>>> print(open('protein28.cif').read())   # mmCIF, C-alpha atoms
data_final
loop_
_atom_site.label_atom_id
_atom_site.label_comp_id
_atom_site.auth_asym_id
_atom_site.auth_seq_id
_atom_site.Cartn_x
_atom_site.Cartn_y
_atom_site.Cartn_z
CA MET P 262 183.37 -10.86 -124.06
CA ARG P 263 180.23 -12.02 -122.22
CA TRP P 264 180.64 -13.07 -118.63
CA LEU P 265 178.88 -16.42 -118.95
CA TRP P 266 181.23 -19.34 -118.58
CA ILE P 267 178.75 -22.19 -118.78
CA ASP P 268 176.46 -23.00 -121.71
CA LYS P 269 173.84 -25.20 -120.10
CA PHE P 270 172.99 -27.45 -117.17
CA VAL P 271 172.71 -31.18 -117.88
CA GLU P 272 172.01 -32.26 -114.33
CA PHE P 273 170.52 -30.40 -111.37
CA VAL P 274 169.67 -32.02 -108.05
CA PRO P 275 168.37 -29.18 -105.86
CA GLY P 276 170.41 -28.62 -102.73
CA GLN P 277 172.95 -31.28 -103.70
CA ARG P 278 174.79 -31.21 -107.01
CA ALA P 279 174.76 -29.93 -110.55
CA VAL P 280 176.60 -30.55 -113.79
CA ALA P 281 176.99 -27.83 -116.43
CA THR P 282 178.88 -27.89 -119.71
CA LYS P 283 180.79 -25.37 -121.79
CA ASN P 284 182.00 -25.65 -125.36
CA VAL P 285 185.39 -24.15 -126.15
CA SER P 286 185.55 -22.44 -129.52
CA LEU P 287 188.18 -20.61 -131.55
CA ALA P 288 185.45 -18.00 -132.00
CA GLU P 289 186.11 -16.84 -128.42
CA GLU P 290 188.34 -13.79 -128.86
CA HIS P 291 190.20 -13.91 -125.56
CA LEU P 292 191.71 -17.30 -126.43
CA HIS P 293 193.91 -15.56 -128.99
CA ASP P 294 195.58 -13.04 -126.68
CA LEU P 295 198.10 -14.83 -124.48
CA TYR P 296 199.13 -17.84 -126.56
CA PRO P 297 197.98 -17.17 -130.14
CA ASP P 298 199.87 -20.15 -131.56
CA PHE P 299 198.49 -22.53 -128.94
CA PRO P 300 195.16 -21.25 -127.60
CA ILE P 301 194.21 -22.67 -124.21
CA VAL P 302 191.36 -21.96 -121.81
CA PRO P 303 192.78 -19.75 -119.04
CA HIS P 304 192.54 -21.63 -115.75
CA SER P 305 190.98 -18.62 -114.00
CA LEU P 306 188.02 -18.96 -116.39
CA VAL P 307 187.76 -22.69 -115.64
CA ILE P 308 187.39 -21.67 -111.98
CA GLU P 309 184.71 -19.16 -113.00
CA GLY P 310 182.72 -21.81 -114.91
CA PHE P 311 182.81 -23.99 -111.82
CA ALA P 312 181.86 -21.02 -109.62
CA GLN P 313 178.89 -20.17 -111.86
CA THR P 314 177.69 -23.78 -111.76
CA ALA P 315 178.07 -23.98 -107.98
CA GLY P 316 176.78 -20.44 -107.39
CA ILE P 317 173.50 -21.16 -109.17
CA LEU P 318 173.20 -24.43 -107.24
CA VAL P 319 173.65 -22.52 -103.96
CA GLY P 320 171.46 -19.61 -105.02
CA GLN P 321 168.61 -21.95 -105.83
CA THR P 322 168.53 -23.28 -102.24
CA ARG P 323 167.25 -19.87 -101.17
CA GLN P 324 165.13 -19.07 -104.21
CA PHE P 325 167.83 -16.78 -105.62
CA ALA P 326 167.05 -14.25 -102.90
CA GLU P 327 170.60 -14.11 -101.51
CA LYS P 328 173.50 -12.32 -103.19
CA VAL P 329 175.85 -15.28 -103.66
CA ILE P 330 179.39 -13.97 -104.12
CA LEU P 331 182.62 -15.93 -104.54
CA ALA P 332 184.57 -15.27 -101.34
CA LYS P 333 187.33 -17.88 -101.19
CA ILE P 334 189.01 -20.40 -103.46
CA SER P 335 190.35 -22.89 -100.93
CA ARG P 336 192.09 -24.91 -103.60
CA ALA P 337 192.04 -25.22 -107.39
CA THR P 338 194.44 -27.79 -108.84
CA PHE P 339 194.91 -28.26 -112.57
CA HIS P 340 195.95 -31.45 -114.32
CA ARG P 341 196.01 -30.58 -118.01
CA LEU P 342 195.11 -27.89 -120.57
CA ALA P 343 191.78 -27.37 -122.34
CA ARG P 344 191.72 -26.28 -125.99
CA PRO P 345 189.30 -25.11 -128.71
CA GLY P 346 187.13 -28.03 -129.79
CA ASP P 347 186.98 -29.39 -126.24
CA THR P 348 183.84 -29.55 -124.11
CA LEU P 349 184.24 -28.84 -120.41
CA SER P 350 181.88 -30.27 -117.81
CA PHE P 351 181.65 -28.72 -114.35
CA HIS P 352 180.59 -31.16 -111.58
CA ALA P 353 179.73 -29.22 -108.43
CA GLU P 354 178.38 -30.37 -105.08
CA ILE P 355 177.23 -28.36 -102.08
CA ARG P 356 179.35 -29.45 -99.14
CA GLN P 357 177.72 -27.20 -96.56
CA VAL P 358 175.31 -24.26 -96.74
CA SER P 359 173.99 -21.88 -94.08
CA GLU P 360 172.39 -18.46 -94.05
CA GLN P 361 175.88 -16.93 -94.11
CA GLY P 362 177.27 -18.78 -97.10
CA ALA P 363 178.29 -22.11 -98.55
CA THR P 364 181.20 -24.42 -99.31
CA CYS P 365 181.15 -26.22 -102.65
CA GLY P 366 183.53 -28.66 -104.21
CA GLY P 367 183.96 -30.93 -107.17
CA MET P 368 185.81 -31.26 -110.40
CA VAL P 369 186.00 -30.12 -113.99
CA GLN P 370 186.49 -32.54 -116.85
CA VAL P 371 187.67 -31.94 -120.37
CA GLY P 372 185.98 -34.68 -122.35
CA ASP P 373 186.32 -37.62 -119.98
CA GLN P 374 189.70 -36.51 -118.59
CA PRO P 375 190.15 -34.68 -115.29
CA LEU P 376 190.99 -31.01 -115.84
CA ALA P 377 190.73 -29.58 -112.33
CA ASP P 378 189.74 -30.24 -108.71
CA ILE P 379 188.18 -27.23 -107.04
CA GLU P 380 186.96 -26.34 -103.53
CA LEU P 381 185.55 -22.87 -102.97
CA MET P 382 183.28 -20.78 -100.74
CA PHE P 383 180.50 -18.31 -101.34
CA SER P 384 179.35 -15.58 -99.01
CA HIS P 385 175.75 -14.40 -98.78
CA VAL P 386 176.86 -10.79 -98.70
CA ASP P 387 173.81 -9.30 -97.02
CA GLN P 388 174.59 -11.53 -94.07
CA ASN P 389 178.28 -11.00 -94.02
CA MET P 390 179.83 -7.87 -95.36
CA ALA P 391 179.07 -5.21 -92.82
CA GLY P 392 180.87 -2.01 -93.77
CA VAL P 393 181.22 -2.83 -97.49
CA ARG P 394 178.92 -0.84 -99.74
CA PHE P 395 176.78 -2.61 -102.32
CA PRO P 396 173.22 -2.22 -103.64
CA ALA P 397 170.18 -3.44 -101.70
CA HIS P 398 168.65 -5.25 -104.67
CA ASN P 399 169.95 -8.65 -105.78
CA PHE P 400 172.45 -7.66 -108.45
CA VAL P 401 173.77 -11.26 -108.69
CA PHE P 402 170.58 -13.02 -109.69
CA ASP P 403 168.80 -10.33 -111.60
CA GLY P 404 166.25 -11.03 -114.32
CA ALA P 405 168.74 -11.39 -117.18
CA MET P 406 170.94 -14.01 -115.45
CA LEU P 407 167.98 -16.15 -114.36
CA GLN P 408 166.43 -15.89 -117.81
CA LEU P 409 169.64 -17.08 -119.41
CA VAL P 410 169.92 -19.99 -116.99
CA GLN P 411 166.31 -21.07 -117.50
CA SER P 412 166.32 -20.72 -121.25
CA ARG P 413 169.43 -22.82 -121.79
CA CYS P 414 168.90 -25.78 -119.51
CA SER P 415 168.19 -29.29 -120.59
CA VAL P 416 166.89 -29.75 -117.04
CA ASP P 417 164.47 -27.69 -114.97
CA ILE P 418 165.89 -25.52 -112.25
CA PRO P 419 163.15 -25.04 -109.66
CA LEU P 420 162.61 -21.52 -108.42
CA THR P 421 161.12 -22.64 -105.12
CA PRO P 422 163.65 -23.29 -102.39
CA THR P 423 164.73 -26.80 -101.53
CA LYS P 424 166.50 -27.72 -98.30
CA PRO P 425 169.83 -29.50 -98.81
CA ALA P 426 169.71 -33.24 -98.02
CA MET N 156 187.46 -37.30 -76.40
CA SER N 157 190.41 -35.88 -74.46
CA ARG N 158 191.40 -32.24 -74.66
CA ASP N 159 194.62 -33.25 -76.43
CA GLU N 160 192.63 -35.12 -79.09
CA ILE N 161 190.36 -32.11 -79.56
CA TYR N 162 193.37 -29.80 -79.85
CA ALA N 163 194.99 -32.05 -82.46
CA LYS N 164 191.83 -32.05 -84.62
CA VAL N 165 191.28 -28.30 -84.19
CA ARG N 166 194.87 -27.72 -85.25
CA ILE N 167 194.36 -29.66 -88.49
CA VAL N 168 191.12 -27.78 -89.21
CA LEU N 169 192.91 -24.44 -88.80
CA MET N 170 195.90 -25.54 -90.89
CA ASP N 171 193.54 -26.54 -93.72
CA ALA N 172 191.23 -23.54 -93.49
CA LEU N 173 193.95 -20.90 -93.13
CA SER N 174 196.85 -22.50 -95.04
CA VAL N 175 199.19 -22.10 -92.08
CA ASP N 176 201.93 -24.40 -90.82
CA GLU N 177 201.64 -26.66 -87.80
CA GLN N 178 204.10 -24.59 -85.76
CA ASP N 179 201.97 -21.44 -86.24
CA VAL N 180 198.94 -23.01 -84.57
CA THR N 181 199.71 -22.55 -80.87
CA PRO N 182 197.11 -22.43 -78.07
CA GLN N 183 197.49 -18.66 -77.68
CA ALA N 184 197.56 -17.83 -81.39
CA THR N 185 194.84 -15.35 -82.38
CA LEU N 186 192.85 -16.15 -85.50
CA ARG N 187 193.00 -12.68 -87.11
CA GLU N 188 196.35 -11.30 -86.12
CA ASP N 189 198.52 -14.42 -85.80
CA LEU N 190 196.87 -16.75 -88.30
CA GLY N 191 195.59 -14.24 -90.87
CA ALA N 192 191.90 -15.20 -90.71
CA GLU N 193 189.36 -13.00 -92.46
CA SER N 194 185.55 -13.07 -92.29
CA ILE N 195 185.02 -15.87 -94.82
CA ASP N 196 187.59 -17.95 -92.91
CA PHE N 197 185.46 -17.82 -89.76
CA LEU N 198 182.60 -19.42 -91.70
CA ASP N 199 185.02 -21.94 -93.22
CA ILE N 200 186.28 -22.86 -89.73
CA VAL N 201 182.72 -23.31 -88.41
CA PHE N 202 181.80 -25.59 -91.33
CA ARG N 203 184.95 -27.68 -90.93
CA LEU N 204 184.53 -28.00 -87.13
CA GLU N 205 180.90 -29.10 -87.60
CA LYS N 206 182.03 -31.78 -90.02
CA GLU N 207 185.07 -32.89 -87.99
CA PHE N 208 183.27 -33.19 -84.66
CA GLY N 209 179.79 -34.09 -85.93
CA ILE N 210 178.22 -31.14 -84.11
CA LYS N 211 176.01 -28.22 -85.04
CA ILE N 212 177.38 -24.77 -84.20
CA PRO N 213 174.51 -22.24 -84.05
CA ARG N 214 175.29 -18.94 -85.73
CA GLY N 215 177.17 -16.57 -83.44
CA GLU N 216 177.80 -19.13 -80.70
CA LEU N 217 181.48 -19.79 -81.40
CA PHE N 218 182.19 -16.48 -83.14
CA PRO N 219 179.71 -13.80 -81.98
CA GLU N 220 179.02 -11.14 -84.57
CA ASN N 221 178.32 -7.41 -84.57
CA LEU N 222 180.07 -6.91 -81.27
CA VAL N 223 182.06 -3.85 -82.18
CA ASN N 224 179.30 -2.16 -84.19
CA ASP N 225 176.94 -1.70 -81.25
CA PRO N 226 177.38 1.75 -79.59
CA GLN N 227 176.21 0.24 -76.30
CA TYR N 228 179.25 -2.01 -76.26
CA VAL N 229 181.94 0.09 -77.92
CA GLN N 230 182.41 3.84 -77.49
CA ALA N 231 185.31 5.96 -78.68
CA GLY N 232 187.36 2.90 -79.53
CA ARG N 233 186.95 1.31 -76.12
CA VAL N 234 184.77 -1.57 -74.94
CA THR N 235 182.26 -0.37 -72.32
CA PRO N 236 181.58 -2.26 -69.06
CA ALA N 237 178.24 -3.30 -70.60
CA GLY N 238 180.18 -4.51 -73.62
CA LEU N 239 182.57 -6.54 -71.48
CA ALA N 240 179.68 -8.15 -69.63
CA GLU N 241 177.90 -9.03 -72.88
CA LEU N 242 181.09 -10.45 -74.38
CA LYS N 243 181.72 -12.62 -71.32
CA LYS N 244 178.17 -13.92 -71.54
CA ARG N 245 178.52 -14.76 -75.21
CA MET N 246 182.08 -16.10 -75.07
CA PRO N 247 182.48 -18.20 -71.92
CA HIS N 248 185.13 -20.16 -73.84
CA SER N 249 187.51 -17.18 -74.14
CA ASP N 250 190.26 -15.69 -72.00
CA PHE N 251 189.45 -12.09 -71.06
CA SER N 252 192.69 -11.17 -69.25
CA LEU N 253 194.12 -9.00 -72.05
CA LEU N 254 190.85 -7.25 -72.87
CA GLU N 255 190.01 -6.58 -69.22
CA GLY N 256 193.46 -5.11 -68.64
CA ASP N 257 193.19 -2.86 -71.71
CA PRO N 258 189.62 -2.65 -73.09
CA GLN N 259 190.60 -1.12 -76.46
CA VAL N 260 188.44 -2.37 -79.30
CA ASN N 261 191.57 -3.66 -81.09
CA ASN N 262 192.01 -6.15 -78.26
CA VAL N 263 188.65 -7.83 -78.90
CA GLN N 264 190.42 -10.04 -81.42
CA SER N 265 192.46 -11.49 -78.51
CA LEU N 266 189.31 -13.39 -77.51
CA PHE N 267 189.46 -15.44 -80.71
CA THR N 268 192.31 -17.85 -80.05
CA VAL N 269 192.97 -21.50 -80.81
CA ASP N 270 192.44 -22.24 -77.10
CA ALA N 271 189.02 -20.57 -77.19
CA ILE N 272 187.97 -22.91 -80.00
CA VAL N 273 189.29 -25.95 -78.12
CA ASN N 274 187.40 -24.87 -74.97
CA TYR N 275 184.19 -24.42 -76.97
CA ILE N 276 184.49 -27.84 -78.63
CA ALA N 277 185.33 -29.50 -75.32
CA GLY N 278 182.10 -28.09 -73.94
CA LYS N 279 180.11 -29.44 -76.90
CA VAL N 280 181.49 -32.97 -77.08
CA ALA N 281 181.79 -33.65 -73.34
CA MET O 162 188.25 -7.51 -124.67
CA LYS O 163 191.93 -8.38 -124.53
CA PHE O 164 192.97 -10.91 -121.92
CA ASN O 165 195.83 -8.71 -120.66
CA LEU O 166 195.18 -8.30 -116.98
CA LEU O 167 198.24 -6.24 -116.12
CA ASP O 168 198.53 -2.70 -117.52
CA HIS O 169 201.91 -1.66 -116.20
CA ILE O 170 204.76 -2.99 -114.08
CA GLU O 171 205.92 -0.50 -111.47
CA CYS O 172 208.58 -2.44 -109.69
CA LEU O 173 210.63 -5.44 -110.76
CA GLU O 174 213.08 -7.19 -108.45
CA PRO O 175 214.58 -10.68 -108.50
CA GLN O 176 211.94 -11.96 -106.09
CA ARG O 177 209.14 -9.40 -106.31
CA LEU O 178 207.02 -7.69 -108.91
CA VAL O 179 204.50 -4.88 -108.44
CA GLY O 180 202.06 -4.08 -111.21
CA VAL O 181 198.80 -2.30 -111.78
CA LYS O 182 195.47 -3.20 -113.35
CA GLN O 183 193.15 -0.31 -114.06
CA VAL O 184 189.45 -1.16 -114.12
CA THR O 185 187.36 0.73 -116.66
CA LEU O 186 183.71 0.62 -117.71
CA ALA O 187 184.97 0.09 -121.25
CA GLU O 188 185.74 -3.56 -120.33
CA GLU O 189 182.88 -5.50 -121.94
CA TYR O 190 182.46 -8.29 -119.40
CA LEU O 191 181.39 -5.70 -116.81
CA GLY O 192 178.09 -5.55 -118.68
CA ASP O 193 177.32 -9.02 -117.28
CA HIS O 194 179.14 -8.73 -113.95
CA PHE O 195 176.90 -7.35 -112.88
CA PRO O 196 174.47 -5.45 -115.05
CA SER O 197 173.37 -3.18 -112.21
CA PHE O 198 176.58 -3.28 -110.16
CA PRO O 199 179.70 -3.59 -112.32
CA VAL O 200 182.69 -4.94 -110.40
CA LEU O 201 185.87 -6.75 -111.37
CA PRO O 202 185.19 -10.51 -111.16
CA GLY O 203 187.19 -12.30 -108.47
CA VAL O 204 188.71 -14.73 -110.96
CA LEU O 205 190.07 -11.81 -112.98
CA MET O 206 191.80 -10.53 -109.85
CA LEU O 207 193.28 -14.03 -109.64
CA GLU O 208 194.20 -13.91 -113.34
CA ALA O 209 195.96 -10.58 -112.77
CA LEU O 210 198.02 -12.19 -110.00
CA VAL O 211 198.74 -15.20 -112.26
CA GLN O 212 199.94 -12.92 -115.05
CA ALA O 213 202.04 -10.88 -112.61
CA ALA O 214 203.62 -14.10 -111.34
CA GLY O 215 204.15 -15.17 -114.95
CA TRP O 216 206.08 -12.00 -115.70
CA LEU O 217 208.20 -12.48 -112.59
CA MET O 218 208.82 -16.05 -113.72
CA HIS O 219 209.98 -14.84 -117.16
CA HIS O 220 212.19 -12.23 -115.52
CA ARG O 221 213.80 -14.82 -113.25
CA ARG O 222 214.31 -17.39 -116.00
CA GLY O 223 215.21 -15.03 -118.86
CA PHE O 224 212.12 -15.92 -120.95
CA ALA O 225 213.35 -19.51 -121.15
CA CYS O 226 209.86 -20.96 -121.62
CA SER O 227 206.83 -19.99 -123.66
CA MET O 228 204.07 -21.17 -121.31
CA ALA O 229 203.40 -19.92 -117.76
CA VAL O 230 200.17 -21.54 -116.61
CA LEU O 231 198.36 -21.74 -113.26
CA LYS O 232 198.92 -25.19 -111.77
CA GLU O 233 197.39 -24.59 -108.37
CA ALA O 234 195.73 -21.73 -106.49
CA ARG O 235 195.36 -22.01 -102.72
CA ASN O 236 193.62 -19.93 -100.08
CA VAL O 237 192.59 -17.16 -102.46
CA LYS O 238 190.38 -14.76 -100.54
CA TYR O 239 188.43 -11.72 -101.65
CA GLY O 240 187.91 -8.72 -99.41
CA GLN O 241 186.47 -5.85 -101.43
CA PHE O 242 184.41 -5.14 -104.48
CA VAL O 243 186.56 -3.40 -107.13
CA PRO O 244 184.43 -1.08 -109.29
CA PRO O 245 185.35 0.72 -112.53
CA GLY O 246 187.61 3.66 -111.86
CA SER O 247 189.68 1.59 -109.44
CA ARG O 248 193.41 1.05 -109.68
CA LEU O 249 194.23 -2.46 -108.48
CA ARG O 250 197.83 -2.73 -107.30
CA LEU O 251 199.16 -6.28 -107.57
CA GLU O 252 202.19 -7.50 -105.73
CA VAL O 253 203.63 -10.98 -106.18
CA GLN O 254 206.52 -12.46 -104.28
CA TRP O 255 208.45 -15.51 -105.42
CA LEU O 256 208.49 -18.15 -102.65
CA ALA O 257 210.30 -21.17 -104.09
CA ASP O 258 211.07 -23.02 -107.29
CA THR O 259 209.12 -26.25 -107.79
CA ALA O 260 209.65 -29.27 -110.02
CA GLY O 261 207.89 -27.71 -112.98
CA GLY O 262 207.81 -24.01 -112.16
CA ALA O 263 207.57 -21.91 -109.00
CA SER O 264 205.30 -20.85 -106.15
CA PHE O 265 204.29 -17.30 -105.29
CA LYS O 266 202.37 -15.27 -102.76
CA GLY O 267 200.15 -12.51 -104.18
CA VAL O 268 198.22 -9.53 -102.86
CA GLY O 269 195.95 -7.08 -104.67
CA THR O 270 195.04 -3.77 -103.05
CA VAL O 271 192.96 -0.74 -103.91
CA GLY O 272 194.30 2.11 -101.83
CA ASP O 273 194.72 0.66 -98.34
CA ALA O 274 192.03 -1.97 -98.79
CA GLN O 275 192.94 -5.54 -99.58
CA ALA O 276 190.93 -6.89 -102.52
CA VAL O 277 192.59 -10.28 -102.98
CA THR O 278 195.28 -12.47 -101.42
CA GLY O 279 196.41 -15.94 -102.33
CA ARG O 280 199.09 -18.49 -103.07
CA LEU O 281 199.84 -19.66 -106.58
CA GLU O 282 201.91 -22.33 -108.19
CA LEU O 283 202.77 -21.83 -111.85
CA ALA O 284 203.84 -24.47 -114.34
CA TYR O 285 206.57 -23.06 -116.60
CA PHE O 286 207.34 -25.09 -119.70
CA ASN O 287 207.89 -25.24 -123.44
CA LEU O 288 205.43 -27.03 -125.70
CA ALA O 289 208.43 -28.83 -127.17
CA ASP O 290 208.93 -30.52 -123.77
CA HIS O 291 205.80 -32.52 -124.63
CA ASP O 292 206.03 -32.59 -128.44
CA ALA O 293 209.27 -31.71 -130.24
CA ALA O 294 207.30 -30.69 -133.34
CA LEU O 295 205.96 -27.71 -131.40
CA ALA O 296 209.35 -26.01 -131.01
CA PRO O 297 208.56 -23.42 -133.74
CA ALA O 298 205.31 -22.58 -131.88
CA ASP O 299 207.38 -21.97 -128.72
CA GLN O 300 209.56 -19.52 -130.68
CA ARG O 301 206.59 -17.61 -132.04
CA LEU O 302 204.94 -17.54 -128.60
CA LEU O 303 208.09 -16.16 -127.02
CA GLU O 304 208.27 -13.39 -129.63
CA HIS O 305 204.64 -12.56 -128.88
CA THR O 306 205.31 -12.60 -125.14
CA ARG O 307 208.29 -10.30 -125.50
CA ARG O 308 206.14 -7.83 -127.48
CA ARG O 309 203.53 -7.92 -124.71
CA TRP O 310 206.31 -7.39 -122.15
CA ALA O 311 207.47 -4.31 -124.02
CA LEU O 312 204.01 -2.79 -123.54
CA ILE O 313 204.05 -3.03 -119.77
CA ALA O 314 207.68 -3.25 -118.62
CA PRO O 315 208.92 -0.56 -116.22
CA ALA O 316 210.43 2.74 -117.40
CA GLN O 317 208.17 3.35 -120.39
CA VAL O 318 208.77 6.66 -122.09
CA SER O 319 205.69 8.87 -122.58
CA PRO O 320 206.58 11.25 -125.40
CA SER O 321 205.18 14.76 -125.18
CA LEU O 322 203.75 16.20 -128.37
#
>>> encode(input="protein28.cif", output="structure tokens")
Amino acid sequence: MRWLWIDKFVEFVPGQRAVATKNVSLAEEHLHDLYPDFPIVPHSLVIEGFAQTAGILVGQTRQFAEKVILAKISRATFHRLARPGDTLSFHAEIRQVSEQGATCGGMVQVGDQPLADIELMFSHVDQNMAGVRFPAHNFVFDGAMLQLVQSRCSVDIPLTPTKPA
Amino acid sequence: MSRDEIYAKVRIVLMDALSVDEQDVTPQATLREDLGAESIDFLDIVFRLEKEFGIKIPRGELFPENLVNDPQYVQAGRVTPAGLAELKKRMPHSDFSLLEGDPQVNNVQSLFTVDAIVNYIAGKVA
Amino acid sequence: MKFNLLDHIECLEPQRLVGVKQVTLAEEYLGDHFPSFPVLPGVLMLEALVQAAGWLMHHRRGFACSMAVLKEARNVKYGQFVPPGSRLRLEVQWLADTAGGASFKGVGTVGDAQAVTGRLELAYFNLADHDAALAPADQRLLEHTRRRWALIAPAQVSPSL
């Protein structure tokens, strides 16, 4: 299993909002483990797709120099199930961002139906996690992740920082 | 805005940020010990207060950081006189009676109460 | 990778379940999270709590329903990175029954350090509640769930050779 829960960005307004999509396919092995007769997208992975969309949006505001780590899920509410053959779209907005971290919120759709409403927070760990050990280099946005993001976007994601509106 | 109005808004902010009930949010309640706040929650509270009151809270002004890591201010688990002076300078909105009576580093968290937040906001929106 | 996020249940009570998730470099997703600093993703800590709550739900309701799905997560906070080699202890406590399921409080710890805390509400239902034609699928899912339960339920015998 790869740990990439979005396929591409279809909208990217630096410092403000982004929309990414993900196709759900029976080819994904993990879908067959919990409910083999009725495969559904686990809701924790819906949260991750949203977090990856929002995390890249936040990371871009500081030129991907900060280690943007999911620190808090304030609320994630689910309205229905997503299944193989569906396409998910993750609509994320930056609510607030500072040098210490960010709050993001928005929703996930399955087709044109609401799947989830999510509010979560990222921490810029270099600024915030005194006493916890982690590497000095940016392990979050290393070359491979950025390459994947850039190579599969239908929109450009600028690498120069943009201040939020 | 009256102090009561400020307190009512601060209470809602803390209930939302910390998922606690209204009766838990008393003036003397400490953020860490009584209300279960952790580091990310302090940032969440700052963001929500900025939005609720339309103010900007410079980093470290409401919740000073790196207080207990500085050997000038904390030695052998106790806050030094220099530490107490620095804390008072940085947190004029807090009540120091517990910490002054027993300057153990564990009592630093007694400075971070609901009342301290209300005092800080009152100073900003006056 | 198998999406089983609980390896063993250590303690099972009417209102509380304690289980364990071992983190190992053999788990493929760690290659992406992160390539130079493998750690258990936060949402998989949440998934482990969801699955633990699901098992407690099944225990309380006698495997009455085939589907135990996260309806809402609130105030989930992460405190520590959990690297391979760690043993994540997960404790869930039933709080109350709800209209379609139940709510729980969950905590994940590694040693004394808290890795994750949060509140969950699960929806507990049968597919046949929504479409009577799916009743056979519910039966097959319950058989599958009971086989998974047998792998992790308390008091497993480890035969010596």
>>> closest_residue(input="protein28.cif", among="P:Ala315, P:Ile308, P:Ala363, P:Ile301", to="Glu233 of chain O", atoms="all atoms listed in the file")
P:Ile308
>>> resolve_selection(input="protein28.cif", expression="the PyMOL selection byres ((chain P) within 8 of (chain N))", output="list in words")
Ala332, Lys333, Ser335, Gln357, Gln361, Gly362, Thr364, Met382, Ser384 and Asn389 of chain P
>>> write_last_selection(input="protein28.cif", atoms="C-alpha atoms", output="CSV table (one decimal), in the frame of the given file")
chain,number,residue,atom,x,y,z
P,332,ALA,CA,184.6,-15.3,-101.3
P,333,LYS,CA,187.3,-17.9,-101.2
P,335,SER,CA,190.4,-22.9,-100.9
P,357,GLN,CA,177.7,-27.2,-96.6
P,361,GLN,CA,175.9,-16.9,-94.1
P,362,GLY,CA,177.3,-18.8,-97.1
P,364,THR,CA,181.2,-24.4,-99.3
P,382,MET,CA,183.3,-20.8,-100.7
P,384,SER,CA,179.4,-15.6,-99.0
P,389,ASN,CA,178.3,-11.0,-94.0
>>> closest_atom_pairs(input="protein28.cif", of="segment 176-226 of chain N", to="segment 275-280 of chain O", cutoff="12 Å", atoms="all atoms listed in the file", output="CSV")
residue,atom,partner,partner_atom,distance
N:Gly191,CA,O:Thr278,CA,10.7
N:Ala192,CA,O:Thr278,CA,11.6
N:Glu193,CA,O:Thr278,CA,10.8
>>> residues_around(input="protein28.cif", residues="Gly215 of chain O", least_positions_apart="3", cutoff="8 Å", atoms="all atoms listed in the file", output="PyMOL selection string")
chain O and resi 211-212+218-219+229-230+283
>>> interface_residues(input="protein28.cif", of="chain O", to="chain N", cutoff="9 Å", atoms="all atoms listed in the file", output="PyMOL selection string")
chain O and resi 235-236+238-240
>>> closest_residue(input="protein28.cif", among="P:Arg344, P:His398, P:His385, P:Lys269", to="chain O", atoms="all atoms listed in the file")
P:His398
>>> resolve_selection(input="protein28.cif", expression="the PyMOL selection byres ((chain N and resi 269-281) around 8)", output="CSV table (one decimal) with C-alpha atoms, keeping the file's coordinate frame")
chain,number,residue,atom,x,y,z
N,156,MET,CA,187.5,-37.3,-76.4
N,158,ARG,CA,191.4,-32.2,-74.7
N,161,ILE,CA,190.4,-32.1,-79.6
N,162,TYR,CA,193.4,-29.8,-79.8
N,165,VAL,CA,191.3,-28.3,-84.2
N,166,ARG,CA,194.9,-27.7,-85.2
N,180,VAL,CA,198.9,-23.0,-84.6
N,181,THR,CA,199.7,-22.6,-80.9
N,182,PRO,CA,197.1,-22.4,-78.1
N,183,GLN,CA,197.5,-18.7,-77.7
N,184,ALA,CA,197.6,-17.8,-81.4
N,185,THR,CA,194.8,-15.4,-82.4
N,186,LEU,CA,192.8,-16.2,-85.5
N,208,PHE,CA,183.3,-33.2,-84.7
N,210,ILE,CA,178.2,-31.1,-84.1
N,217,LEU,CA,181.5,-19.8,-81.4
N,248,HIS,CA,185.1,-20.2,-73.8
N,249,SER,CA,187.5,-17.2,-74.1
N,250,ASP,CA,190.3,-15.7,-72.0
N,266,LEU,CA,189.3,-13.4,-77.5
N,267,PHE,CA,189.5,-15.4,-80.7
N,268,THR,CA,192.3,-17.8,-80.0
>>> resolve_selection(input="protein28.cif", expression="the PyMOL selection byres ((chain P and resi 337-341) around 9)", output="list in words")
His304, Ile308, Ile334, Ser335, Arg336, Leu342, Ala343, Val371, Gln374, Pro375, Leu376, Ala377, Asp378, Ile379, Glu380 and Leu381 of chain P; Leu231, Lys232, Glu233, Ala234 and Arg235 of chain O
>>> closest_residue(input="protein28.cif", among="O:Lys163, O:Lys182, O:Arg222, O:Arg248", to="chain P", atoms="only C-alpha atoms")
O:Lys163
>>> atom_distance(input="protein28.cif", atom1="atom CA of Cys365 of chain P", atom2="atom CA of Ala353 of chain P")
6.7 Å
>>> atom_distance(input="protein28.cif", atom1="atom CA of Val271 of chain O", atom2="atom CA of Leu166 of chain O")
15.3 Å
>>> atom_distance(input="protein28.cif", atom1="atom CA of Ala293 of chain O", atom2="atom CA of Thr259 of chain O")
23.1 Å
>>> closest_residue(input="protein28.cif", among="O:Leu217, O:Ser321, O:Leu249, O:Ala294", to="Ser264 of chain O", atoms="all atoms listed in the file")
O:Leu217
>>> residues_around(input="protein28.cif", residues="Glu177 of chain N", least_positions_apart="6", cutoff="10 Å", atoms="only C-alpha atoms", output="list in words")
Arg166, Ile167, Leu169 and Met170 of chain N
